[in-house]
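Shown next: entry03.csv, given as CSV, C-alpha atoms.
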chain,number,residue,atom,x,y,z
A,1,MET,CA,0.0,0.0,0.0
A,2,LEU,CA,1.3,3.4,-0.9
A,3,GLN,CA,1.8,6.1,1.7
A,4,GLU,CA,-1.0,8.6,2.4
A,5,ASN,CA,-0.8,11.9,0.5
A,6,GLU,CA,1.4,14.5,2.2
A,7,ALA,CA,0.0,17.3,0.1
A,8,ILE,CA,-3.0,19.1,1.7
A,9,SER,CA,-6.2,18.6,-0.3
A,10,ALA,CA,-9.9,19.0,0.1
A,11,LEU,CA,-10.3,15.8,-1.8
A,12,ASN,CA,-9.2,12.3,-0.9
A,13,CYS,CA,-7.7,11.5,-4.3
A,14,ALA,CA,-5.2,9.5,-6.3
A,15,PHE,CA,-3.5,10.4,-9.6
A,16,ILE,CA,-3.1,7.9,-12.4
A,17,GLY,CA,-0.8,8.5,-15.3
A,18,ILE,CA,-1.4,6.6,-18.5
A,19,GLY,CA,1.3,6.2,-21.1
A,20,GLY,CA,4.6,8.1,-21.4
A,21,GLY,CA,3.1,11.6,-21.4
A,22,GLY,CA,0.6,10.8,-18.6
A,23,GLY,CA,3.4,9.2,-16.6
A,24,LYS,CA,5.6,12.4,-16.8
A,25,MET,CA,2.6,14.5,-15.8
A,26,VAL,CA,1.7,12.5,-12.7
A,27,LYS,CA,5.4,12.3,-11.7
A,28,ALA,CA,5.1,16.1,-11.0
A,29,PHE,CA,2.2,15.4,-8.6
A,30,LEU,CA,4.2,12.7,-6.9
A,31,ASP,CA,7.1,15.1,-6.5
A,32,ILE,CA,4.9,17.6,-4.5
A,33,GLY,CA,3.5,15.1,-2.1
A,34,PHE,CA,0.7,13.2,-3.7
A,35,ASN,CA,2.0,9.8,-2.8
A,36,LYS,CA,-1.1,7.9,-4.0
A,37,THR,CA,0.1,8.1,-7.6
A,38,LEU,CA,0.5,5.3,-10.1
A,39,LEU,CA,2.0,5.3,-13.6
A,40,ILE,CA,0.4,2.7,-15.9
A,41,ASN,CA,2.1,1.9,-19.2
A,42,THR,CA,2.4,-0.8,-21.9
A,43,THR,CA,6.2,-0.4,-21.9
A,44,GLY,CA,8.9,0.7,-19.5
A,45,LYS,CA,11.0,2.4,-22.2
A,46,ASP,CA,9.3,5.9,-21.9
A,47,CYS,CA,8.8,6.0,-18.1
A,48,PRO,CA,10.6,8.5,-15.9
A,49,GLU,CA,14.0,7.1,-15.0
A,50,ASP,CA,13.9,8.1,-11.4
A,51,ILE,CA,10.5,6.7,-10.5
A,52,ASP,CA,10.2,4.3,-7.6
A,53,PRO,CA,9.1,0.9,-9.0
A,54,LYS,CA,6.3,0.7,-6.4
A,55,HIS,CA,4.5,3.5,-8.3
A,56,LEU,CA,4.9,1.8,-11.7
A,57,ILE,CA,2.4,-0.7,-13.3
A,58,LEU,CA,3.5,-2.3,-16.5
A,59,ILE,CA,1.0,-4.2,-18.5
A,60,PRO,CA,2.5,-7.7,-19.2
A,61,ASP,CA,3.5,-8.9,-22.6
A,62,ALA,CA,2.5,-5.6,-24.3
A,63,ASP,CA,5.9,-3.9,-25.1
A,64,GLY,CA,4.3,-0.7,-26.2
A,65,VAL,CA,1.5,-0.2,-28.8
A,66,ALA,CA,3.4,2.0,-31.3
A,67,LYS,CA,0.9,4.8,-31.4
A,68,ASN,CA,-1.9,2.4,-32.3
A,69,VAL,CA,-4.9,3.5,-30.2
A,70,GLU,CA,-7.1,0.5,-31.1
A,71,HIS,CA,-4.3,-1.9,-30.1
A,72,GLY,CA,-3.9,0.1,-26.9
A,73,LYS,CA,-7.6,-0.2,-26.1
A,74,SER,CA,-7.5,-3.9,-26.8
A,75,VAL,CA,-4.5,-4.3,-24.5
A,76,PHE,CA,-6.2,-2.4,-21.6
A,77,GLU,CA,-9.5,-4.3,-22.1
A,78,GLU,CA,-7.6,-7.6,-21.8
A,79,ASN,CA,-5.6,-6.5,-18.8
A,80,GLY,CA,-8.2,-4.6,-16.8
A,81,THR,CA,-7.7,-6.9,-13.8
A,82,VAL,CA,-4.1,-6.0,-13.6
A,83,VAL,CA,-5.0,-2.3,-13.2
A,84,GLU,CA,-7.9,-3.0,-10.8
A,85,ASP,CA,-5.7,-5.2,-8.6
A,86,ALA,CA,-3.1,-2.4,-8.5
A,87,LEU,CA,-5.7,0.1,-7.4
A,88,ARG,CA,-6.9,-2.1,-4.6
A,89,THR,CA,-3.6,-3.2,-3.3
A,90,LYS,CA,-1.6,0.1,-3.7
A,91,ILE,CA,-4.2,3.0,-3.6
A,92,GLY,CA,-6.8,1.6,-1.1
A,93,LYS,CA,-9.8,3.9,-0.5
A,94,VAL,CA,-10.0,7.3,-2.2
A,95,ASP,CA,-13.0,9.3,-3.4
A,96,TRP,CA,-11.5,10.7,-6.6
A,97,LEU,CA,-9.3,9.4,-9.4
A,98,PHE,CA,-7.5,11.9,-11.6
A,99,VAL,CA,-6.4,10.2,-14.8
A,100,LEU,CA,-3.8,12.0,-16.8
A,101,ALA,CA,-2.8,11.1,-20.4
A,102,GLY,CA,-1.1,12.7,-23.3
A,103,GLY,CA,-2.9,12.9,-26.6
A,104,GLY,CA,-0.9,11.6,-29.6
A,105,GLY,CA,0.5,8.3,-28.3
A,106,GLY,CA,-1.3,5.0,-28.5
A,107,THR,CA,-1.3,4.1,-24.8
A,108,GLY,CA,-2.4,7.5,-23.4
A,109,SER,CA,-5.0,8.0,-26.0
A,110,ALA,CA,-6.5,4.6,-25.1
A,111,CYS,CA,-7.0,5.5,-21.4
A,112,THR,CA,-10.8,5.7,-21.4
A,113,SER,CA,-11.0,2.0,-22.2
A,114,LEU,CA,-10.1,1.6,-18.5
A,115,HIS,CA,-13.0,3.7,-17.4
A,116,SER,CA,-15.2,0.8,-16.3
A,117,VAL,CA,-12.2,-0.5,-14.2
A,118,PHE,CA,-11.8,2.9,-12.6
A,119,HIS,CA,-15.6,3.2,-12.0
A,120,ARG,CA,-15.9,-0.3,-10.6
A,121,TYR,CA,-13.0,0.3,-8.2
A,122,LEU,CA,-14.5,3.6,-6.9
A,123,LYS,CA,-17.9,2.0,-6.4
A,124,SER,CA,-16.4,-0.9,-4.5
A,125,VAL,CA,-14.7,1.4,-2.0
A,126,GLU,CA,-17.9,3.5,-1.7
A,127,ALA,CA,-16.2,6.6,-3.1
A,128,GLU,CA,-18.0,9.9,-2.9
A,129,GLY,CA,-16.4,11.3,-6.0
A,130,THR,CA,-15.7,10.1,-9.6
A,131,VAL,CA,-13.2,9.7,-12.3
A,132,PHE,CA,-11.8,13.0,-13.8
A,133,TYR,CA,-9.6,13.0,-16.9
A,134,ILE,CA,-6.8,15.5,-17.6
A,135,ALA,CA,-5.6,15.2,-21.2
A,136,THR,CA,-3.0,17.2,-23.2
A,137,MET,CA,-3.2,18.1,-26.8
A,138,PRO,CA,0.0,18.0,-28.8
A,139,THR,CA,1.8,21.1,-30.2
A,140,ALA,CA,1.1,22.4,-33.6
A,141,GLN,CA,4.4,20.9,-34.9
A,142,GLU,CA,3.4,17.5,-33.5
A,143,LEU,CA,0.0,17.7,-35.0
A,144,LEU,CA,1.6,17.8,-38.5
A,145,ASN,CA,1.9,14.0,-38.0
A,146,SER,CA,-1.4,12.6,-39.1
A,147,THR,CA,-1.2,9.7,-36.7
A,148,ILE,CA,-0.6,11.9,-33.7
A,149,ALA,CA,-3.4,14.3,-34.8
A,150,LYS,CA,-5.8,11.3,-35.2
A,151,ASN,CA,-4.9,9.9,-31.8
A,152,ALA,CA,-5.3,13.3,-30.1
A,153,LEU,CA,-8.7,13.8,-31.6
A,154,SER,CA,-9.7,10.3,-30.5
A,155,LEU,CA,-8.7,11.1,-26.9
A,156,ALA,CA,-10.5,14.4,-26.9
A,157,ASN,CA,-13.7,12.7,-28.2
A,158,ASP,CA,-13.4,9.9,-25.6
A,159,VAL,CA,-12.8,12.1,-22.6
A,160,SER,CA,-15.7,14.5,-23.6
A,161,LEU,CA,-18.1,11.8,-22.2
A,162,TYR,CA,-16.7,12.4,-18.7
A,163,PRO,CA,-15.6,15.2,-16.4
A,164,HIS,CA,-12.3,16.4,-17.9
A,165,ILE,CA,-9.8,19.2,-18.6
A,166,ILE,CA,-7.8,19.5,-21.8
A,167,LEU,CA,-4.5,21.2,-21.7
A,168,ASP,CA,-3.1,22.9,-24.9
A,169,ASN,CA,0.6,22.1,-25.1
A,170,GLU,CA,1.0,24.7,-27.9
A,171,LYS,CA,-0.1,27.5,-25.5
A,172,GLN,CA,2.1,26.1,-22.7
A,173,ILE,CA,5.2,26.0,-24.9
A,174,LYS,CA,4.6,29.5,-26.2
A,175,PHE,CA,4.3,30.8,-22.7
A,176,LEU,CA,7.6,29.1,-21.6
A,177,ARG,CA,9.6,29.8,-24.7
A,178,GLY,CA,12.5,32.1,-23.8
A,179,ARG,CA,11.9,31.5,-20.1
A,180,VAL,CA,13.4,27.9,-19.9
A,181,GLY,CA,15.6,25.8,-22.2
A,182,ILE,CA,14.0,23.6,-24.8
A,183,ALA,CA,14.8,20.5,-22.9
A,184,ASN,CA,13.0,21.8,-19.8
A,185,MET,CA,9.8,23.1,-21.4
A,186,PHE,CA,7.6,20.0,-20.9
A,187,PRO,CA,9.0,19.2,-17.4
A,188,SER,CA,8.4,22.9,-16.5
A,189,ALA,CA,4.9,22.8,-17.9
A,190,ASN,CA,4.1,19.6,-15.9
A,191,THR,CA,5.5,21.0,-12.7
A,192,GLY,CA,3.7,24.3,-13.2
A,193,PHE,CA,0.3,22.6,-13.8
A,194,ALA,CA,0.8,20.2,-10.8
A,195,LYS,CA,1.5,23.1,-8.5
A,196,LEU,CA,-1.4,25.1,-9.8
A,197,PHE,CA,-3.8,22.2,-9.5
A,198,ALA,CA,-2.5,21.3,-6.0
A,199,GLN,CA,-3.0,24.9,-4.9
A,200,VAL,CA,-6.7,24.7,-5.9
A,201,LEU,CA,-7.1,21.5,-3.9
A,202,LYS,CA,-5.4,23.1,-0.9
A,203,LEU,CA,-7.4,26.3,-1.0
A,204,ALA,CA,-10.6,24.3,-1.2
A,205,SER,CA,-9.7,22.6,2.1
A,206,GLU,CA,-9.6,26.0,3.9
A,207,ARG,CA,-12.8,27.2,5.4
Just dump the structure as structure tokens.
Amino acid sequence: MLQENEAISALNCAFIGIGGGGGKMVKAFLDIGFNKTLLINTTGKDCPEDIDPKHLILIPDADGVAKNVEHGKSVFEENGTVVEDALRTKIGKVDWLFVLAGGGGGTGSACTSLHSVFHRYLKSVEAEGTVFYIATMPTAQELLNSTIAKNALSLANDVSLYPHIILDNEKQIKFLRGRVGIANMFPSANTGFAKLFAQVLKLASER
């Protein structure tokens, strides 16, 4: 079982990162004290190098889905019990699940295929909240790739069925350009969003 969250929050919550982009985003939440955080991926090749293995859930025998969303959905549908077991044994009881994923890749863009797993888990622990998706849309340069653009649109359409936020990476990069180096743009964007979101959760806890 993972440690309780150290970050102050009005919500009893956990953060779940799906795929490479989602994993990097939730790592920022883990770094600021949200210990109930899991990174779920179909390959370990694009996971943050400094992540503690206890936070990492690798889907067996997948070895990535090569930006193929349909294959990613199939892999998740076949391995839902792996994810559900991890939620029960590592997360325990929470009321809210924040699921983070990057649009463009095959694993992250397939994240909503796990929705029934997330919903069943929350229902089983008598949660008072729900599943909330946080997705990123690729930059304008990345969207020139037709596969990435198709995957991003697929994710946007899928999360539209549920409570969600969509982050525009193009706007984030424009804001950070000239302020940080190119290599630090996405890490800085992830950290900035995590701190902002955490501040909202903290302020909501104050009466």
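Proximity to Ala198 of chain A at 8 Å, evaluated using only C-alpha atoms and with sequence-adjacent residues fewer than 4 positions away removed, yields Ala7, Ser9, Phe29, Ala194 and Lys202 of chain A.
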Where does segment 56-124 of chain A meet segment 156-170 of chain A within 12 Å, residue by residue, with the nearest atom pair and distance in Å to one decimal for each, counting all atoms listed in the file, listed by chain and rising number, as CSV?
residue,atom,partner,partner_atom,distance
A:Val69,CA,A:Asp158,CA,11.6
A:Lys73,CA,A:Asp158,CA,11.7
A:Trp96,CA,A:Pro163,CA,11.5
A:Leu97,CA,A:Pro163,CA,11.1
A:Phe98,CA,A:His164,CA,9.1
A:Val99,CA,A:His164,CA,9.1
A:Leu100,CA,A:Ile165,CA,9.5
A:Ala101,CA,A:Ile166,CA,9.9
A:Gly102,CA,A:Leu167,CA,9.3
A:Gly103,CA,A:Ala156,CA,7.8
A:Gly104,CA,A:Ala156,CA,10.4
A:Gly108,CA,A:Ala156,CA,11.2
A:Ser109,CA,A:Ala156,CA,8.5
A:Ala110,CA,A:Asp158,CA,8.7
A:Cys111,CA,A:Asp158,CA,8.8
A:Thr112,CA,A:Asp158,CA,6.5
A:Ser113,CA,A:Asp158,CA,8.9
A:Leu114,CA,A:Asp158,CA,11.4
A:His115,CA,A:Tyr162,CA,9.5
A:Ser116,CA,A:Tyr162,CA,11.9
A:His119,CA,A:Tyr162,CA,11.4
Output file for the selection above: C-alpha atoms, as a PDB file, in the coordinates of the input:
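After the write, selection_9.pdb holds the following:
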ATOM      1  CA  VAL A  69      -4.900   3.500 -30.200  1.00  0.00           C
ATOM      2  CA  LYS A  73      -7.600  -0.200 -26.100  1.00  0.00           C
ATOM      3  CA  TRP A  96     -11.500  10.700  -6.600  1.00  0.00           C
ATOM      4  CA  LEU A  97      -9.300   9.400  -9.400  1.00  0.00           C
ATOM      5  CA  PHE A  98      -7.500  11.900 -11.600  1.00  0.00           C
ATOM      6  CA  VAL A  99      -6.400  10.200 -14.800  1.00  0.00           C
ATOM      7  CA  LEU A 100      -3.800  12.000 -16.800  1.00  0.00           C
ATOM      8  CA  ALA A 101      -2.800  11.100 -20.400  1.00  0.00           C
ATOM      9  CA  GLY A 102      -1.100  12.700 -23.300  1.00  0.00           C
ATOM     10  CA  GLY A 103      -2.900  12.900 -26.600  1.00  0.00           C
ATOM     11  CA  GLY A 104      -0.900  11.600 -29.600  1.00  0.00           C
ATOM     12  CA  GLY A 108      -2.400   7.500 -23.400  1.00  0.00           C
ATOM     13  CA  SER A 109      -5.000   8.000 -26.000  1.00  0.00           C
ATOM     14  CA  ALA A 110      -6.500   4.600 -25.100  1.00  0.00           C
ATOM     15  CA  CYS A 111      -7.000   5.500 -21.400  1.00  0.00           C
ATOM     16  CA  THR A 112     -10.800   5.700 -21.400  1.00  0.00           C
ATOM     17  CA  SER A 113     -11.000   2.000 -22.200  1.00  0.00           C
ATOM     18  CA  LEU A 114     -10.100   1.600 -18.500  1.00  0.00           C
ATOM     19  CA  HIS A 115     -13.000   3.700 -17.400  1.00  0.00           C
ATOM     20  CA  SER A 116     -15.200   0.800 -16.300  1.00  0.00           C
ATOM     21  CA  HIS A 119     -15.600   3.200 -12.000  1.00  0.00           C
TER      22      HIS A 119
END
Could you pull the residues within 8 Å of segment 45-59 of chain A, counting all atoms listed in the file, minus those fewer than 6 positions along the same chain, as a PyMOL selection string?
chain A and resi 2+20+23-24+27+37-39+79+82-83+86
Considering only C-alpha atoms, can you say which of A:Ala140, A:Ser205, A:Glu126, A:Asn151 comes closest to Lys174 of chain A?
A:Ala140
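Atom CA of Ala62 of chain A to atom CA of Val125 of chain A spans 29.0 Å [interatomic distance, one decimal].
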Tell me, in Å to one decimal, how far atom CA of Val65 of chain A is from atom CA of Leu153 of chain A.
17.5 Å
May I ask which of the residues A:Gly178, A:Ala149, A:Lys93, A:Gln141 is the closest one to Lys123 of chain A, counting all atoms listed in the file?
A:Lys93
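Straight-line separation from atom CA of Ala66 of chain A to atom CA of Asn41 of chain A: 12.2 Å.
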For Ala189 of chain A, list every protein, DNA or RNA residue within 8 Å, evaluated using all atoms listed in the file, and leave out those in the same chain fewer than 3 positions away; present the list as a ChimeraX atom specification.
/A:172-173,176,185-186,192-193
Quick one: of A:Ile18, A:Val26, A:Gly129, A:Gln3, who's nearest to Lys195 of chain A, counting all atoms listed in the file?
A:Val26
Tyr121 of chain A: which residues within 8 Å, counting only C-alpha atoms, same-chain residues fewer than 4 positions away excluded, as a ChimeraX atom specification?
/A:84,87-88,117,125
Keeping only C-alpha atoms, write the selected residues as a tab-separated table (two decimals), in the coordinates of the input.
chain	number	residue	atom	x	y	z
A	84	GLU	CA	-7.90	-3.00	-10.80
A	87	LEU	CA	-5.70	0.10	-7.40
A	88	ARG	CA	-6.90	-2.10	-4.60
A	117	VAL	CA	-12.20	-0.50	-14.20
A	125	VAL	CA	-14.70	1.40	-2.00
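Restricting the calculation to only C-alpha atoms, the smallest distance between Asn35 of chain A and any of A:Leu122, A:Leu144, A:Ile134, A:Ile91 is found for A:Ile91.
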All heavy atoms for segment 186-197 of chain A, written as a PDB file, keeping the file's coordinate frame, could you do that?
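Writing the result to result-v7.pdb gives the following:
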ATOM      1  N   PHE A 186       8.697  20.910 -21.327  1.00  0.00           N
ATOM      2  CA  PHE A 186       7.600  20.000 -20.900  1.00  0.00           C
ATOM      3  C   PHE A 186       7.714  19.707 -19.392  1.00  0.00           C
ATOM      4  O   PHE A 186       6.691  19.720 -18.692  1.00  0.00           O
ATOM      5  CB  PHE A 186       7.566  18.767 -21.725  1.00  0.00           C
ATOM      6  CG  PHE A 186       6.958  18.985 -23.080  1.00  0.00           C
ATOM      7  CD1 PHE A 186       7.711  18.827 -24.233  1.00  0.00           C
ATOM      8  CD2 PHE A 186       5.632  19.366 -23.209  1.00  0.00           C
ATOM      9  CE1 PHE A 186       7.158  19.047 -25.486  1.00  0.00           C
ATOM     10  CE2 PHE A 186       5.058  19.589 -24.461  1.00  0.00           C
ATOM     11  CZ  PHE A 186       5.826  19.428 -25.602  1.00  0.00           C
ATOM     12  N   PRO A 187       8.921  19.436 -18.853  1.00  0.00           N
ATOM     13  CA  PRO A 187       9.000  19.200 -17.400  1.00  0.00           C
ATOM     14  C   PRO A 187       8.526  20.475 -16.629  1.00  0.00           C
ATOM     15  O   PRO A 187       7.847  20.341 -15.604  1.00  0.00           O
ATOM     16  CB  PRO A 187      10.504  18.991 -17.166  1.00  0.00           C
ATOM     17  CG  PRO A 187      10.972  18.374 -18.436  1.00  0.00           C
ATOM     18  CD  PRO A 187      10.205  19.090 -19.507  1.00  0.00           C
ATOM     19  N   SER A 188       8.858  21.661 -17.119  1.00  0.00           N
ATOM     20  CA  SER A 188       8.400  22.900 -16.500  1.00  0.00           C
ATOM     21  C   SER A 188       6.905  23.052 -16.556  1.00  0.00           C
ATOM     22  O   SER A 188       6.246  23.472 -15.597  1.00  0.00           O
ATOM     23  CB  SER A 188       9.102  24.107 -17.067  1.00  0.00           C
ATOM     24  OG  SER A 188      10.498  24.070 -16.849  1.00  0.00           O
ATOM     25  N   ALA A 189       6.341  22.704 -17.711  1.00  0.00           N
ATOM     26  CA  ALA A 189       4.900  22.800 -17.900  1.00  0.00           C
ATOM     27  C   ALA A 189       4.180  21.819 -16.960  1.00  0.00           C
ATOM     28  O   ALA A 189       3.174  22.169 -16.327  1.00  0.00           O
ATOM     29  CB  ALA A 189       4.529  22.481 -19.346  1.00  0.00           C
ATOM     30  N   ASN A 190       4.722  20.605 -16.834  1.00  0.00           N
ATOM     31  CA  ASN A 190       4.100  19.600 -15.900  1.00  0.00           C
ATOM     32  C   ASN A 190       4.172  20.048 -14.491  1.00  0.00           C
ATOM     33  O   ASN A 190       3.188  19.939 -13.747  1.00  0.00           O
ATOM     34  CB  ASN A 190       4.832  18.259 -16.098  1.00  0.00           C
ATOM     35  CG  ASN A 190       4.579  17.618 -17.448  1.00  0.00           C
ATOM     36  OD1 ASN A 190       3.600  17.918 -18.117  1.00  0.00           O
ATOM     37  ND2 ASN A 190       5.467  16.730 -17.854  1.00  0.00           N
ATOM     38  N   THR A 191       5.326  20.568 -14.083  1.00  0.00           N
ATOM     39  CA  THR A 191       5.500  21.000 -12.700  1.00  0.00           C
ATOM     40  C   THR A 191       4.575  22.212 -12.415  1.00  0.00           C
ATOM     41  O   THR A 191       3.936  22.283 -11.362  1.00  0.00           O
ATOM     42  CB  THR A 191       6.952  21.430 -12.443  1.00  0.00           C
ATOM     43  OG1 THR A 191       7.797  20.280 -12.625  1.00  0.00           O
ATOM     44  CG2 THR A 191       7.129  21.959 -11.021  1.00  0.00           C
ATOM     45  N   GLY A 192       4.497  23.143 -13.364  1.00  0.00           N
ATOM     46  CA  GLY A 192       3.700  24.300 -13.200  1.00  0.00           C
ATOM     47  C   GLY A 192       2.191  23.950 -13.037  1.00  0.00           C
ATOM     48  O   GLY A 192       1.486  24.478 -12.164  1.00  0.00           O
ATOM     49  N   PHE A 193       1.724  23.029 -13.874  1.00  0.00           N
ATOM     50  CA  PHE A 193       0.300  22.600 -13.800  1.00  0.00           C
ATOM     51  C   PHE A 193       0.054  21.878 -12.478  1.00  0.00           C
ATOM     52  O   PHE A 193      -0.970  22.109 -11.825  1.00  0.00           O
ATOM     53  CB  PHE A 193      -0.059  21.730 -14.966  1.00  0.00           C
ATOM     54  CG  PHE A 193      -1.456  21.177 -14.839  1.00  0.00           C
ATOM     55  CD1 PHE A 193      -2.561  21.996 -15.031  1.00  0.00           C
ATOM     56  CD2 PHE A 193      -1.670  19.856 -14.486  1.00  0.00           C
ATOM     57  CE1 PHE A 193      -3.855  21.507 -14.888  1.00  0.00           C
ATOM     58  CE2 PHE A 193      -2.953  19.347 -14.334  1.00  0.00           C
ATOM     59  CZ  PHE A 193      -4.045  20.173 -14.539  1.00  0.00           C
ATOM     60  N   ALA A 194       0.961  20.991 -12.096  1.00  0.00           N
ATOM     61  CA  ALA A 194       0.800  20.200 -10.800  1.00  0.00           C
ATOM     62  C   ALA A 194       0.680  21.169  -9.652  1.00  0.00           C
ATOM     63  O   ALA A 194      -0.180  21.000  -8.780  1.00  0.00           O
ATOM     64  CB  ALA A 194       1.920  19.234 -10.664  1.00  0.00           C
ATOM     65  N   LYS A 195       1.546  22.159  -9.598  1.00  0.00           N
ATOM     66  CA  LYS A 195       1.500  23.100  -8.500  1.00  0.00           C
ATOM     67  C   LYS A 195       0.246  23.934  -8.474  1.00  0.00           C
ATOM     68  O   LYS A 195      -0.325  24.206  -7.411  1.00  0.00           O
ATOM     69  CB  LYS A 195       2.754  23.996  -8.526  1.00  0.00           C
ATOM     70  CG  LYS A 195       4.051  23.277  -8.186  1.00  0.00           C
ATOM     71  CD  LYS A 195       5.241  24.226  -8.205  1.00  0.00           C
ATOM     72  CE  LYS A 195       6.512  23.510  -7.757  1.00  0.00           C
ATOM     73  NZ  LYS A 195       7.691  24.415  -7.781  1.00  0.00           N
ATOM     74  N   LEU A 196      -0.196  24.341  -9.655  1.00  0.00           N
ATOM     75  CA  LEU A 196      -1.400  25.100  -9.800  1.00  0.00           C
ATOM     76  C   LEU A 196      -2.636  24.306  -9.323  1.00  0.00           C
ATOM     77  O   LEU A 196      -3.469  24.771  -8.541  1.00  0.00           O
ATOM     78  CB  LEU A 196      -1.612  25.615 -11.200  1.00  0.00           C
ATOM     79  CG  LEU A 196      -2.899  26.407 -11.492  1.00  0.00           C
ATOM     80  CD1 LEU A 196      -2.931  27.692 -10.677  1.00  0.00           C
ATOM     81  CD2 LEU A 196      -2.980  26.721 -12.989  1.00  0.00           C
ATOM     82  N   PHE A 197      -2.717  23.077  -9.804  1.00  0.00           N
ATOM     83  CA  PHE A 197      -3.800  22.200  -9.500  1.00  0.00           C
ATOM     84  C   PHE A 197      -3.819  21.883  -7.970  1.00  0.00           C
ATOM     85  O   PHE A 197      -4.863  21.872  -7.313  1.00  0.00           O
ATOM     86  CB  PHE A 197      -3.751  20.922 -10.285  1.00  0.00           C
ATOM     87  CG  PHE A 197      -5.038  20.152 -10.364  1.00  0.00           C
ATOM     88  CD1 PHE A 197      -6.029  20.514 -11.260  1.00  0.00           C
ATOM     89  CD2 PHE A 197      -5.258  19.055  -9.546  1.00  0.00           C
ATOM     90  CE1 PHE A 197      -7.214  19.809 -11.343  1.00  0.00           C
ATOM     91  CE2 PHE A 197      -6.441  18.344  -9.611  1.00  0.00           C
ATOM     92  CZ  PHE A 197      -7.422  18.717 -10.511  1.00  0.00           C
TER      93      PHE A 197
END
